[in-house]
Each structure stands twice: as C-alpha cells, then as structure tokens.
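File shown: model_16.cif. Contents: mmCIF, C-alpha atoms.
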data_start
#
loop_
_atom_site.group_PDB
_atom_site.id
_atom_site.type_symbol
_atom_site.label_atom_id
_atom_site.label_comp_id
_atom_site.auth_asym_id
_atom_site.auth_seq_id
_atom_site.Cartn_x
_atom_site.Cartn_y
_atom_site.Cartn_z
ATOM 1 C CA MET A 27 9.442 -13.879 -5.815
ATOM 2 C CA SER A 28 8.271 -16.498 -3.387
ATOM 3 C CA THR A 29 6.122 -19.457 -4.228
ATOM 4 C CA THR A 30 3.074 -17.321 -3.472
ATOM 5 C CA ALA A 31 2.686 -15.971 -6.977
ATOM 6 C CA SER A 32 5.160 -17.882 -9.084
ATOM 7 C CA ASP A 33 3.802 -21.338 -8.316
ATOM 8 C CA ALA A 34 0.112 -20.590 -7.908
ATOM 9 C CA SER A 35 -2.002 -23.558 -8.910
ATOM 10 C CA SER A 36 1.145 -25.272 -10.244
ATOM 11 C CA ALA A 37 0.999 -23.143 -13.374
ATOM 12 C CA PRO A 38 3.479 -23.808 -16.190
ATOM 13 C CA ARG A 39 6.615 -21.705 -15.916
ATOM 14 C CA SER A 40 5.717 -19.901 -19.152
ATOM 15 C CA ALA A 41 2.358 -18.735 -17.755
ATOM 16 C CA ASP A 42 1.910 -15.221 -16.432
ATOM 17 C CA PRO A 43 1.716 -15.839 -12.662
ATOM 18 C CA LEU A 44 -0.403 -12.746 -12.084
ATOM 19 C CA VAL A 45 -2.946 -13.882 -14.664
ATOM 20 C CA VAL A 46 -3.062 -17.243 -12.901
ATOM 21 C CA LEU A 47 -3.817 -15.478 -9.619
ATOM 22 C CA ALA A 48 -6.476 -13.346 -11.311
ATOM 23 C CA ALA A 49 -8.389 -16.525 -12.184
ATOM 24 C CA LEU A 50 -8.539 -17.871 -8.613
ATOM 25 C CA PRO A 51 -12.050 -18.340 -7.178
ATOM 26 C CA GLY A 52 -13.513 -15.063 -5.972
ATOM 27 C CA VAL A 53 -10.837 -12.866 -7.546
ATOM 28 C CA PRO A 54 -12.678 -12.040 -10.815
ATOM 29 C CA ASP A 55 -15.712 -10.931 -8.796
ATOM 30 C CA ALA A 56 -13.475 -8.773 -6.580
ATOM 31 C CA VAL A 57 -11.829 -7.203 -9.641
ATOM 32 C CA ASP A 58 -15.227 -6.429 -11.163
ATOM 33 C CA SER A 59 -16.559 -4.970 -7.915
ATOM 34 C CA VAL A 60 -13.501 -2.733 -7.498
ATOM 35 C CA ARG A 61 -13.729 -1.474 -11.075
ATOM 36 C CA LYS A 62 -17.413 -0.590 -10.703
ATOM 37 C CA ALA A 63 -16.761 1.211 -7.402
ATOM 38 C CA VAL A 64 -13.872 3.220 -8.845
ATOM 39 C CA ASP A 65 -15.878 4.137 -11.942
ATOM 40 C CA ARG A 66 -18.721 5.409 -9.749
ATOM 41 C CA VAL A 67 -16.562 7.783 -7.719
ATOM 42 C CA TYR A 68 -14.764 9.040 -10.820
ATOM 43 C CA GLY A 69 -18.172 9.785 -12.307
ATOM 44 C CA HIS A 70 -19.253 11.905 -9.353
ATOM 45 C CA ARG A 71 -20.114 15.430 -10.439
ATOM 46 C CA VAL A 72 -17.769 16.966 -7.827
ATOM 47 C CA MET A 73 -14.822 15.235 -9.501
ATOM 48 C CA ARG A 74 -15.254 17.395 -12.591
ATOM 49 C CA ARG A 75 -14.559 20.598 -10.664
ATOM 50 C CA ARG A 76 -12.730 19.734 -7.440
ATOM 51 C CA SER A 77 -10.716 16.604 -8.072
ATOM 52 C CA ASN A 78 -7.553 18.152 -6.607
ATOM 53 C CA GLU A 79 -9.319 18.620 -3.279
ATOM 54 C CA ILE A 80 -10.470 14.991 -3.310
ATOM 55 C CA THR A 81 -6.922 13.849 -4.068
ATOM 56 C CA SER A 82 -5.489 15.894 -1.191
ATOM 57 C CA GLU A 83 -8.083 14.647 1.256
ATOM 58 C CA ALA A 84 -7.602 11.056 0.114
ATOM 59 C CA ALA A 85 -3.850 11.361 0.697
ATOM 60 C CA LEU A 86 -4.382 12.644 4.232
ATOM 61 C CA ARG A 87 -6.822 9.871 5.078
ATOM 62 C CA ALA A 88 -4.609 7.247 3.463
ATOM 63 C CA ALA A 89 -1.652 8.364 5.572
ATOM 64 C CA ARG A 90 -3.752 8.181 8.731
ATOM 65 C CA GLY A 91 -4.899 4.671 7.811
ATOM 66 C CA SER A 92 -1.436 3.396 6.953
ATOM 67 C CA ALA A 93 0.035 4.798 10.161
ATOM 68 C CA ALA A 94 -2.769 3.169 12.159
ATOM 69 C CA LEU A 95 -1.879 -0.220 10.686
ATOM 70 C CA SER A 96 1.707 0.375 11.805
ATOM 71 C CA GLY A 97 0.611 1.069 15.362
ATOM 72 C CA ALA A 98 0.094 4.846 15.338
ATOM 73 C CA ASP A 99 -3.697 5.041 15.388
ATOM 74 C CA TRP A 100 -4.435 8.762 15.528
ATOM 75 C CA ALA A 101 -7.737 10.505 14.898
ATOM 76 C CA LEU A 102 -7.972 12.129 11.478
ATOM 77 C CA GLU A 103 -8.292 15.624 12.926
ATOM 78 C CA GLU A 104 -5.165 15.078 15.010
ATOM 79 C CA VAL A 105 -3.246 14.182 11.858
ATOM 80 C CA ARG A 106 -4.714 17.199 10.100
ATOM 81 C CA ARG A 107 -3.815 19.761 12.765
ATOM 82 C CA ARG A 108 -0.389 18.524 13.890
ATOM 83 C CA THR A 109 2.770 20.131 12.556
ATOM 84 C CA ASP A 110 5.332 18.390 14.774
ATOM 85 C CA PHE A 111 5.912 14.769 13.858
ATOM 86 C CA GLY A 112 9.247 14.199 15.572
ATOM 87 C CA SER A 113 8.332 13.939 19.224
ATOM 88 C CA ASP A 114 7.931 10.168 19.656
ATOM 89 C CA ALA A 115 7.676 6.865 17.781
ATOM 90 C CA GLU A 116 4.006 7.258 16.884
ATOM 91 C CA ALA A 117 4.423 10.843 15.717
ATOM 92 C CA ARG A 118 7.386 9.871 13.551
ATOM 93 C CA THR A 119 5.349 7.050 12.014
ATOM 94 C CA VAL A 120 2.474 9.383 11.161
ATOM 95 C CA GLY A 121 4.934 11.880 9.691
ATOM 96 C CA ALA A 122 6.557 9.136 7.619
ATOM 97 C CA ALA A 123 3.163 8.069 6.266
ATOM 98 C CA LEU A 124 2.321 11.642 5.295
ATOM 99 C CA ARG A 125 5.647 12.103 3.511
ATOM 100 C CA LEU A 126 5.239 8.825 1.626
ATOM 101 C CA ASN A 127 1.811 9.725 0.319
ATOM 102 C CA ALA A 128 3.094 13.109 -0.821
ATOM 103 C CA GLU A 129 5.993 11.420 -2.622
ATOM 104 C CA ALA A 130 4.236 8.452 -4.226
ATOM 105 C CA GLY A 131 2.718 10.312 -7.151
ATOM 106 C CA GLN A 132 6.115 11.794 -8.074
ATOM 107 C CA LEU A 133 7.695 8.376 -8.667
ATOM 108 C CA LEU A 134 5.489 6.907 -11.375
ATOM 109 C CA SER A 135 7.948 7.299 -14.247
ATOM 110 C CA ILE A 136 10.760 5.745 -12.215
ATOM 111 C CA TRP A 137 8.488 2.878 -11.112
ATOM 112 C CA ALA A 138 7.997 1.989 -14.773
ATOM 113 C CA GLN A 139 11.776 1.621 -15.142
ATOM 114 C CA SER A 140 13.092 0.457 -11.766
ATOM 115 C CA PRO A 141 10.682 -0.526 -8.990
ATOM 116 C CA VAL A 142 13.597 -1.309 -6.657
ATOM 117 C CA ARG A 143 14.876 2.262 -6.965
ATOM 118 C CA VAL A 144 11.433 3.522 -6.063
ATOM 119 C CA LEU A 145 11.261 1.259 -3.013
ATOM 120 C CA ALA A 146 14.639 2.560 -1.865
ATOM 121 C CA ARG A 147 13.419 6.124 -2.344
ATOM 122 C CA LEU A 148 10.239 5.390 -0.399
ATOM 123 C CA HIS A 149 12.257 4.084 2.524
ATOM 124 C CA LEU A 150 14.541 7.103 2.393
ATOM 125 C CA VAL A 151 11.503 9.396 2.532
ATOM 126 C CA ALA A 152 9.934 7.420 5.377
ATOM 127 C CA ALA A 153 12.998 6.876 7.563
ATOM 128 C CA GLY A 154 15.172 9.890 6.839
ATOM 129 C CA GLY A 155 15.481 12.174 9.855
ATOM 130 C CA THR A 156 13.569 9.854 12.188
ATOM 131 C CA GLY A 157 16.541 8.659 14.195
ATOM 132 C CA VAL A 158 17.116 5.552 12.101
ATOM 133 C CA PRO A 159 20.876 5.093 11.518
ATOM 134 C CA ASP A 160 21.751 6.864 8.278
ATOM 135 C CA GLY A 161 23.689 3.896 6.941
ATOM 136 C CA THR A 162 20.555 1.742 6.887
ATOM 137 C CA VAL A 163 18.226 4.254 5.227
ATOM 138 C CA GLY A 164 17.204 3.814 1.597
ATOM 139 C CA ARG A 165 18.746 0.393 1.014
ATOM 140 C CA PRO A 166 17.727 -3.224 1.637
ATOM 141 C CA ARG A 167 19.007 -4.609 4.920
ATOM 142 C CA LEU A 168 22.243 -6.589 5.050
ATOM 143 C CA ALA A 169 22.847 -9.948 6.697
ATOM 144 C CA GLY A 170 22.413 -9.728 10.450
ATOM 145 C CA GLU A 171 20.682 -6.355 10.456
ATOM 146 C CA PRO A 172 17.486 -6.292 12.539
ATOM 147 C CA VAL A 173 14.056 -5.024 11.572
ATOM 148 C CA VAL A 174 12.340 -2.590 13.940
ATOM 149 C CA GLU A 175 9.123 -1.705 12.159
ATOM 150 C CA MET A 176 8.305 1.384 14.231
ATOM 151 C CA PRO A 177 11.629 2.718 15.553
ATOM 152 C CA GLY A 178 11.504 3.787 19.167
ATOM 153 C CA SER A 179 8.576 1.520 20.005
ATOM 154 C CA ALA A 180 8.332 -1.900 21.622
ATOM 155 C CA ALA A 181 9.770 -4.829 19.685
ATOM 156 C CA GLY A 182 7.300 -6.190 17.164
ATOM 157 C CA ALA A 183 5.108 -3.078 17.088
ATOM 158 C CA GLY A 184 3.703 -2.342 13.649
ATOM 159 C CA SER A 185 4.272 -5.819 12.198
ATOM 160 C CA PRO A 186 1.156 -7.388 10.619
ATOM 161 C CA ALA A 187 2.030 -10.955 11.555
ATOM 162 C CA GLU A 188 4.642 -13.102 13.222
ATOM 163 C CA ALA A 189 6.367 -14.408 10.124
ATOM 164 C CA PRO A 190 9.926 -15.696 9.703
ATOM 165 C CA LEU A 191 12.277 -12.937 8.601
ATOM 166 C CA PRO A 192 13.835 -13.780 5.212
ATOM 167 C CA GLY A 193 17.619 -13.510 5.025
ATOM 168 C CA ALA A 194 19.336 -10.746 3.091
ATOM 169 C CA ASP A 195 20.179 -12.967 0.116
ATOM 170 C CA GLU A 196 16.597 -14.154 -0.166
ATOM 171 C CA VAL A 197 15.381 -10.570 0.068
ATOM 172 C CA ALA A 198 17.677 -9.496 -2.768
ATOM 173 C CA GLY A 199 16.550 -12.361 -4.985
ATOM 174 C CA ARG A 200 12.873 -11.894 -4.328
ATOM 175 C CA LEU A 201 13.045 -8.127 -4.800
ATOM 176 C CA ASP A 202 14.631 -8.737 -8.174
ATOM 177 C CA GLY A 203 11.879 -11.211 -9.016
ATOM 178 C CA LEU A 204 9.190 -8.774 -7.915
ATOM 179 C CA ALA A 205 10.714 -6.035 -10.069
ATOM 180 C CA ARG A 206 10.787 -8.328 -13.092
ATOM 181 C CA LEU A 207 7.164 -9.271 -12.477
ATOM 182 C CA VAL A 208 6.131 -5.601 -12.355
ATOM 183 C CA LEU A 209 8.142 -4.703 -15.460
ATOM 184 C CA ALA A 210 6.757 -7.639 -17.450
ATOM 185 C CA THR A 211 3.573 -5.592 -18.121
ATOM 186 C CA SER A 212 1.202 -8.361 -17.157
ATOM 187 C CA SER A 213 -2.333 -8.324 -18.484
ATOM 188 C CA ALA A 214 -3.602 -9.093 -14.991
ATOM 189 C CA PRO A 215 -5.927 -6.547 -13.361
ATOM 190 C CA ALA A 216 -4.378 -3.785 -11.282
ATOM 191 C CA LEU A 217 -5.914 -5.165 -8.094
ATOM 192 C CA VAL A 218 -3.955 -8.394 -8.469
ATOM 193 C CA THR A 219 -0.639 -6.690 -9.176
ATOM 194 C CA ALA A 220 -1.128 -4.213 -6.331
ATOM 195 C CA ALA A 221 -2.026 -6.978 -3.874
ATOM 196 C CA VAL A 222 1.021 -9.051 -4.810
ATOM 197 C CA VAL A 223 3.390 -6.074 -4.538
ATOM 198 C CA HIS A 224 1.873 -5.172 -1.172
ATOM 199 C CA GLY A 225 1.969 -8.736 0.158
ATOM 200 C CA GLU A 226 5.462 -9.516 -1.071
ATOM 201 C CA LEU A 227 6.923 -6.416 0.552
ATOM 202 C CA LEU A 228 5.177 -7.216 3.834
ATOM 203 C CA ALA A 229 6.603 -10.733 3.649
ATOM 204 C CA LEU A 230 10.148 -9.650 2.789
ATOM 205 C CA ARG A 231 10.469 -6.671 5.144
ATOM 206 C CA PRO A 232 13.395 -5.586 2.970
ATOM 207 C CA PHE A 233 14.296 -2.540 5.050
ATOM 208 C CA GLY A 234 15.255 -2.101 8.670
ATOM 209 C CA SER A 235 12.119 -0.078 9.441
ATOM 210 C CA TYR A 236 8.762 1.161 8.134
ATOM 211 C CA ASN A 237 8.219 -1.777 5.780
ATOM 212 C CA GLY A 238 4.444 -1.692 6.215
ATOM 213 C CA LEU A 239 4.288 1.979 5.252
ATOM 214 C CA VAL A 240 6.485 1.312 2.211
ATOM 215 C CA ALA A 241 4.416 -1.717 1.164
ATOM 216 C CA ARG A 242 1.168 0.238 1.279
ATOM 217 C CA ALA A 243 2.718 3.192 -0.564
ATOM 218 C CA ALA A 244 3.870 0.770 -3.264
ATOM 219 C CA GLU A 245 0.333 -0.617 -3.517
ATOM 220 C CA ARG A 246 -0.865 2.943 -4.049
ATOM 221 C CA ILE A 247 1.735 3.513 -6.795
ATOM 222 C CA VAL A 248 0.581 0.392 -8.645
ATOM 223 C CA LEU A 249 -3.049 1.513 -8.521
ATOM 224 C CA ILE A 250 -2.132 4.968 -9.858
ATOM 225 C CA ALA A 251 0.333 3.771 -12.496
ATOM 226 C CA SER A 252 -2.038 1.105 -13.800
ATOM 227 C CA GLY A 253 -4.667 3.699 -14.638
ATOM 228 C CA LEU A 254 -7.199 2.213 -12.235
ATOM 229 C CA ASP A 255 -6.909 5.243 -9.937
ATOM 230 C CA PRO A 256 -4.924 7.870 -11.863
ATOM 231 C CA LYS A 257 -5.941 10.763 -9.596
ATOM 232 C CA SER A 258 -5.187 8.773 -6.419
ATOM 233 C CA ILE A 259 -8.632 9.229 -4.894
ATOM 234 C CA CYS A 260 -9.281 5.618 -3.825
ATOM 235 C CA PRO A 261 -7.192 5.178 -0.657
ATOM 236 C CA ALA A 262 -6.873 1.456 0.016
ATOM 237 C CA GLU A 263 -5.078 2.296 3.263
ATOM 238 C CA VAL A 264 -8.338 3.692 4.630
ATOM 239 C CA GLY A 265 -10.051 0.407 3.897
ATOM 240 C CA HIS A 266 -7.265 -1.706 5.354
ATOM 241 C CA ALA A 267 -7.451 0.313 8.565
ATOM 242 C CA GLU A 268 -11.247 0.158 8.682
ATOM 243 C CA LEU A 269 -11.219 -3.619 8.269
ATOM 244 C CA GLY A 270 -8.836 -3.721 11.227
ATOM 245 C CA ARG A 271 -5.362 -4.971 12.042
ATOM 246 C CA ALA A 272 -6.617 -8.441 12.975
ATOM 247 C CA ALA A 273 -8.305 -8.934 9.604
ATOM 248 C CA TYR A 274 -5.251 -7.480 7.859
ATOM 249 C CA ALA A 275 -2.986 -9.960 9.633
ATOM 250 C CA ALA A 276 -5.317 -12.870 8.913
ATOM 251 C CA ALA A 277 -5.488 -12.022 5.206
ATOM 252 C CA PHE A 278 -1.716 -11.595 5.093
ATOM 253 C CA ASP A 279 -1.351 -15.061 6.603
ATOM 254 C CA GLY A 280 -3.148 -16.261 3.484
ATOM 255 C CA TYR A 281 -0.523 -14.592 1.327
ATOM 256 C CA LEU A 282 2.251 -16.169 3.369
ATOM 257 C CA SER A 283 0.669 -19.599 2.970
ATOM 258 C CA GLY A 284 1.107 -19.425 -0.791
ATOM 259 C CA THR A 285 -1.971 -21.612 -1.296
ATOM 260 C CA PRO A 286 -4.581 -20.728 -3.928
ATOM 261 C CA ASP A 287 -7.196 -20.151 -1.208
ATOM 262 C CA GLY A 288 -4.805 -18.024 0.813
ATOM 263 C CA MET A 289 -3.767 -15.927 -2.148
ATOM 264 C CA ALA A 290 -7.385 -15.429 -3.185
ATOM 265 C CA ALA A 291 -8.257 -14.356 0.369
ATOM 266 C CA TRP A 292 -5.449 -11.763 0.365
ATOM 267 C CA ILE A 293 -6.358 -10.356 -3.041
ATOM 268 C CA THR A 294 -10.055 -10.117 -2.228
ATOM 269 C CA HIS A 295 -9.202 -8.485 1.102
ATOM 270 C CA CYS A 296 -7.182 -5.861 -0.777
ATOM 271 C CA GLY A 297 -10.134 -5.383 -3.143
ATOM 272 C CA ARG A 298 -12.483 -4.787 -0.235
ATOM 273 C CA ALA A 299 -10.023 -2.252 1.180
ATOM 274 C CA ILE A 300 -10.035 -0.311 -2.094
ATOM 275 C CA GLU A 301 -13.842 -0.309 -2.130
ATOM 276 C CA LEU A 302 -13.926 1.094 1.391
ATOM 277 C CA GLY A 303 -11.425 3.743 0.309
ATOM 278 C CA VAL A 304 -13.755 4.602 -2.560
ATOM 279 C CA ARG A 305 -16.613 4.889 -0.093
ATOM 280 C CA GLU A 306 -14.544 7.332 1.969
ATOM 281 C CA SER A 307 -13.792 9.546 -1.025
ATOM 282 C CA THR A 308 -17.408 9.379 -2.154
ATOM 283 C CA ALA A 309 -18.404 10.714 1.267
ATOM 284 C CA VAL A 310 -15.909 13.563 0.814
ATOM 285 C CA CYS A 311 -17.444 14.322 -2.595
ATOM 286 C CA GLU A 312 -20.903 14.405 -1.054
ATOM 287 C CA ALA A 313 -19.729 16.708 1.725
ATOM 288 C CA LEU A 314 -18.177 19.104 -0.762
ATOM 289 C CA GLN A 315 -21.357 19.046 -2.831
ATOM 290 C CA ARG A 316 -23.399 19.985 0.243
ATOM 291 C CA GLY A 317 -20.910 22.706 1.160
ATOM 292 C CA ALA A 318 -20.090 20.889 4.376
ATOM 293 C CA ALA A 319 -16.362 20.587 3.701
#
If you convert what's in this file into structure tokens, what do you get?
Amino acid sequence: MSTTASDASSAPRSADPLVVLAALPGVPDAVDSVRKAVDRVYGHRVMRRRSNEITSEAALRAARGSAALSGADWALEEVRRRTDFGSDAEARTVGAALRLNAEAGQLLSIWAQSPVRVLARLHLVAAGGTGVPDGTVGRPRLAGEPVVEMPGSAAGAGSPAEAPLPGADEVAGRLDGLARLVLATSSAPALVTAAVVHGELLALRPFGSYNGLVARAAERIVLIASGLDPKSICPAEVGHAELGRAAYAAAFDGYLSGTPDGMAAWITHCGRAIELGVRESTAVCEALQRGAA
C-alpha cells in the first residue's frame, strides 16, 4: 500500500493501519452514523417480506450511479429499459457497471482468500466484449501500457482526478499490500476498510480501463463481506453520484495526499455516500409499502 494508510499519523509498524485510520477526527462519528442508518433500513418492515426486490433495485441504482461517476450519466429509467449496451462508449460503461453489480455478490468467498483474483475477475467482467484488447483484460497493466478509463471516449474521461499514474512495479507491490491488509482481518469498521480499498484502487488504476467501476464494485464487496450490508441494499455508488463528481474528486485528493486530514475527509465522504444510498433504498421500501412500486 501507499503511505496513505500504512503511515497514517506515524503509527508504529506493528499497529493495525486501518484501526489507526478509524481513530482519525470525524471518522468514529461517521462510522456510528453509517451503522445507525444501515440498521434503520434493515429494520424496515418491507425488508422482512421483499428484501430481494430491494436488493435488485439497489443494484440497478448502484450501477447507474457508478457509471455516472465514470462519465456515463444516464437517467435511471434509461438504464432500466435499455437492452443494448454495446453501441458507444457510454453504453458500454453502463453495461459494464450493470455486469459488475450482478457479479459482486458471487465473489465473496474468493475475496476472503484472494482479493487480487477478485479484482482481476471484476475487470474481466467489466471489460470483456467491450472492444478492449483481449490481452489486457483481467490482469494488471504492464509497463508502458496506457490507461483509458472509458474506452472509446475522450482521453481522461471517467477519471476522478488528475493524479500521477503509478508504474507497473508499484502497482504490483501496492496491490499485494492491499490484499494483505484485507486478509489481515482488521478490527477496523467496515466503512474504513471499504474506503481504503476504494481509494487505493482509484489511486493505482491497476487495469487499462474501467478502474473506477472496479474500485466501486470492490467497495461494495467489502461492505457485503463485512456483514455491514449483507443483503447489498445500501448502494454507496448512489451516494457518490448524488454528492457529485467534483466532491468525489476533491475527497479523493484527500486520499492521495496521505495526510490524516485528507484520509479522514475521504473516509467520511464515503460514509456520507453510504448514508445517501441507505436513504435511496429506504425510499424504495416506502414506495413498495404504499404499493407505488
């Protein structure tokens, strides 16, 4: 990993870096607020009878939100009605986001053993059949290989911030460090782990395309696997999109800075996104209860 998590607050090397991050100013309050929000939606009476419908709707809305952050900002009903996602760069991005959200819940057992394998699978699902060269799909990029976040679009489209692109060797090392951090079964709250996984993948851009979609799908996997959101009804992607690309980029700059304030800003931003996702699913529950959906 980068200095963002491993050196936070100059913690001793033996300290759990995620626990150190969880103690940063503002983060405990964000963790508590997220937990209360998630508990409320899980306690909704509709969840007892129609949780599968809430999960399906959350996945659709999450895909729309993630695609919007990558530059394909479609209306929800357009995403819902479309069947052809191969016509242009935006359509392929929306299709990739939909496939990723359908796949994420199937990879939990593998995530617990090999996060890097899961990331490779996520990229394969996102990029396969989209016109990306087959030799670059499902593996971290090699030295000299470019990153085109939304293939077929203008250069730079879909990237959250103008950040230096780490070299292939650095990517390999930091991916290994991220995997070890995930597998170390930290006692840190799920919000912190999910935010670090999300931020680190955005920073590394380990694949030649669709890194933002993969990073947000990985965040979702952490939230499900941790037990915070086992039914996947709290779509953080919805919240990230609602907060806007400018706020997303500004918060990500905090992650890139590696400072305690910057890291806290990124983690609390991710917490707010989850709460907004909870609000979205709560609205779906209310609509179902009224018979309006």
message = What's around Asp55 (chain A) at 12 Å? Count all atoms listed in the file, leave out sequence neighbours fewer than 4 positions away in its own chain, and write the answer as an NGL selection string.
response = :A and (48-51 or 59-62 or 215 or 217 or 290 or 293-294 or 297-298)
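Those residues returned by the PyMOL selection byres ((chain A and resi 307) around 10) for this file are Val67, Tyr68, Ile80, Thr81, Glu83, Ala84, Arg87, Ile259, Cys260, Pro261, Val264, Glu301, Leu302, Gly303, Val304, Arg305, Glu306, Thr308, Ala309, Val310, Cys311, Glu312 and Ala313 of chain A.
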Residues just named, written with C-alpha atoms as a PDB file, in the frame of the given file:
ATOM      1  CA  VAL A  67     -16.562   7.783  -7.719  1.00  0.00           C
ATOM      2  CA  TYR A  68     -14.764   9.040 -10.820  1.00  0.00           C
ATOM      3  CA  ILE A  80     -10.470  14.991  -3.310  1.00  0.00           C
ATOM      4  CA  THR A  81      -6.922  13.849  -4.068  1.00  0.00           C
ATOM      5  CA  GLU A  83      -8.083  14.647   1.256  1.00  0.00           C
ATOM      6  CA  ALA A  84      -7.602  11.056   0.114  1.00  0.00           C
ATOM      7  CA  ARG A  87      -6.822   9.871   5.078  1.00  0.00           C
ATOM      8  CA  ILE A 259      -8.632   9.229  -4.894  1.00  0.00           C
ATOM      9  CA  CYS A 260      -9.281   5.618  -3.825  1.00  0.00           C
ATOM     10  CA  PRO A 261      -7.192   5.178  -0.657  1.00  0.00           C
ATOM     11  CA  VAL A 264      -8.338   3.692   4.630  1.00  0.00           C
ATOM     12  CA  GLU A 301     -13.842  -0.309  -2.130  1.00  0.00           C
ATOM     13  CA  LEU A 302     -13.926   1.094   1.391  1.00  0.00           C
ATOM     14  CA  GLY A 303     -11.425   3.743   0.309  1.00  0.00           C
ATOM     15  CA  VAL A 304     -13.755   4.602  -2.560  1.00  0.00           C
ATOM     16  CA  ARG A 305     -16.613   4.889  -0.093  1.00  0.00           C
ATOM     17  CA  GLU A 306     -14.544   7.332   1.969  1.00  0.00           C
ATOM     18  CA  THR A 308     -17.408   9.379  -2.154  1.00  0.00           C
ATOM     19  CA  ALA A 309     -18.404  10.714   1.267  1.00  0.00           C
ATOM     20  CA  VAL A 310     -15.909  13.563   0.814  1.00  0.00           C
ATOM     21  CA  CYS A 311     -17.444  14.322  -2.595  1.00  0.00           C
ATOM     22  CA  GLU A 312     -20.903  14.405  -1.054  1.00  0.00           C
ATOM     23  CA  ALA A 313     -19.729  16.708   1.725  1.00  0.00           C
TER      24      ALA A 313
END
task = Determine the residue set returned by the PyMOL selection byres ((chain A and resi 98-101) around 12) for the present structure, and present it as a PyMOL selection string.
result = chain A and resi 86-87+89-97+102-108+111+114-123+175-177+179+183-185+236+239+264+267-268+270-271
I need the chosen residues saved as a JSON list (two decimals), in the frame of the given file, with C-alpha atoms.
[["chain", "number", "residue", "atom", "x", "y", "z"],
["A", 86, "LEU", "CA", -4.38, 12.64, 4.23],
["A", 87, "ARG", "CA", -6.82, 9.87, 5.08],
["A", 89, "ALA", "CA", -1.65, 8.36, 5.57],
["A", 90, "ARG", "CA", -3.75, 8.18, 8.73],
["A", 91, "GLY", "CA", -4.90, 4.67, 7.81],
["A", 92, "SER", "CA", -1.44, 3.40, 6.95],
["A", 93, "ALA", "CA", 0.04, 4.80, 10.16],
["A", 94, "ALA", "CA", -2.77, 3.17, 12.16],
["A", 95, "LEU", "CA", -1.88, -0.22, 10.69],
["A", 96, "SER", "CA", 1.71, 0.38, 11.80],
["A", 97, "GLY", "CA", 0.61, 1.07, 15.36],
["A", 102, "LEU", "CA", -7.97, 12.13, 11.48],
["A", 103, "GLU", "CA", -8.29, 15.62, 12.93],
["A", 104, "GLU", "CA", -5.16, 15.08, 15.01],
["A", 105, "VAL", "CA", -3.25, 14.18, 11.86],
["A", 106, "ARG", "CA", -4.71, 17.20, 10.10],
["A", 107, "ARG", "CA", -3.82, 19.76, 12.76],
["A", 108, "ARG", "CA", -0.39, 18.52, 13.89],
["A", 111, "PHE", "CA", 5.91, 14.77, 13.86],
["A", 114, "ASP", "CA", 7.93, 10.17, 19.66],
["A", 115, "ALA", "CA", 7.68, 6.86, 17.78],
["A", 116, "GLU", "CA", 4.01, 7.26, 16.88],
["A", 117, "ALA", "CA", 4.42, 10.84, 15.72],
["A", 118, "ARG", "CA", 7.39, 9.87, 13.55],
["A", 119, "THR", "CA", 5.35, 7.05, 12.01],
["A", 120, "VAL", "CA", 2.47, 9.38, 11.16],
["A", 121, "GLY", "CA", 4.93, 11.88, 9.69],
["A", 122, "ALA", "CA", 6.56, 9.14, 7.62],
["A", 123, "ALA", "CA", 3.16, 8.07, 6.27],
["A", 175, "GLU", "CA", 9.12, -1.70, 12.16],
["A", 176, "MET", "CA", 8.30, 1.38, 14.23],
["A", 177, "PRO", "CA", 11.63, 2.72, 15.55],
["A", 179, "SER", "CA", 8.58, 1.52, 20.00],
["A", 183, "ALA", "CA", 5.11, -3.08, 17.09],
["A", 184, "GLY", "CA", 3.70, -2.34, 13.65],
["A", 185, "SER", "CA", 4.27, -5.82, 12.20],
["A", 236, "TYR", "CA", 8.76, 1.16, 8.13],
["A", 239, "LEU", "CA", 4.29, 1.98, 5.25],
["A", 264, "VAL", "CA", -8.34, 3.69, 4.63],
["A", 267, "ALA", "CA", -7.45, 0.31, 8.56],
["A", 268, "GLU", "CA", -11.25, 0.16, 8.68],
["A", 270, "GLY", "CA", -8.84, -3.72, 11.23],
["A", 271, "ARG", "CA", -5.36, -4.97, 12.04]]
request  = Find the residues near region 191-195 of chain A: any atom within 7 Å, counting only C-alpha atoms, skip ones fewer than 2 places away on the same chain, and give them as a list in words.
outcome  = Arg167, Leu168, Ala169, Ala189, Val197, Ala198, Gly199 and Leu230 of chain A
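In this comparison, which uses all atoms listed in the file, the residue of A:Leu282, A:Leu249, A:Leu150, A:Ile300 approaching Gly234 (chain A) most closely is A:Leu150.
Across A:Ala299, A:Leu228, A:Leu145, A:Ala221, the tightest approach to Val173 (chain A) is made by A:Leu228 when counting all atoms listed in the file.
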ask   = CA of Asp42 (chain A) and CA of Leu207 (chain A) are how many Å apart?
value = 8.9 Å
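CA of Ala216 (chain A) is positioned 19.8 Å from CA of Ala229 (chain A).
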Residues selected by the PyMOL selection byres ((chain A and resi 151) around 9), written as a PyMOL selection string = chain A and resi 122+125-126+129+146-150+152-155+163-164
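Summary of the local environment: counting all atoms listed in the file, residues at most 9 Å from Ala277 (chain A), other than itself and those fewer than 3 positions away along its chain, are Ala272, Ala273, Tyr274, Gly280, Tyr281, Leu282, Gly288, Met289, Ala291, Trp292, Ile293, Thr294, His295 and Cys296 of chain A.
Compared by their closest atoms to Ile250 (chain A), and using only C-alpha atoms, the residues A:Asn237, A:Ser212, A:Thr219, A:Thr156 rank with A:Thr219 nearest.
Relative to CA of Ser283 (chain A), CA of Glu226 (chain A) is found at 11.9 Å.
Distance annotation: of A:Ala63, A:Leu44, A:Val240, A:Val222, the residue with the minimal separation from Ala210 (chain A) is A:Leu44; atom set is all atoms listed in the file.
Distance annotation: of A:Ser258, A:Gln139, A:Ser113, A:Gln132, the residue with the minimal separation from Gly157 (chain A) is A:Ser113; atom set is only C-alpha atoms.
Residue nearest Ile136 (chain A) within the list A:Gly238, A:Leu209, A:Thr285, A:Gly225: A:Leu209 [criterion: smallest interatomic distance, all atoms listed in the file].
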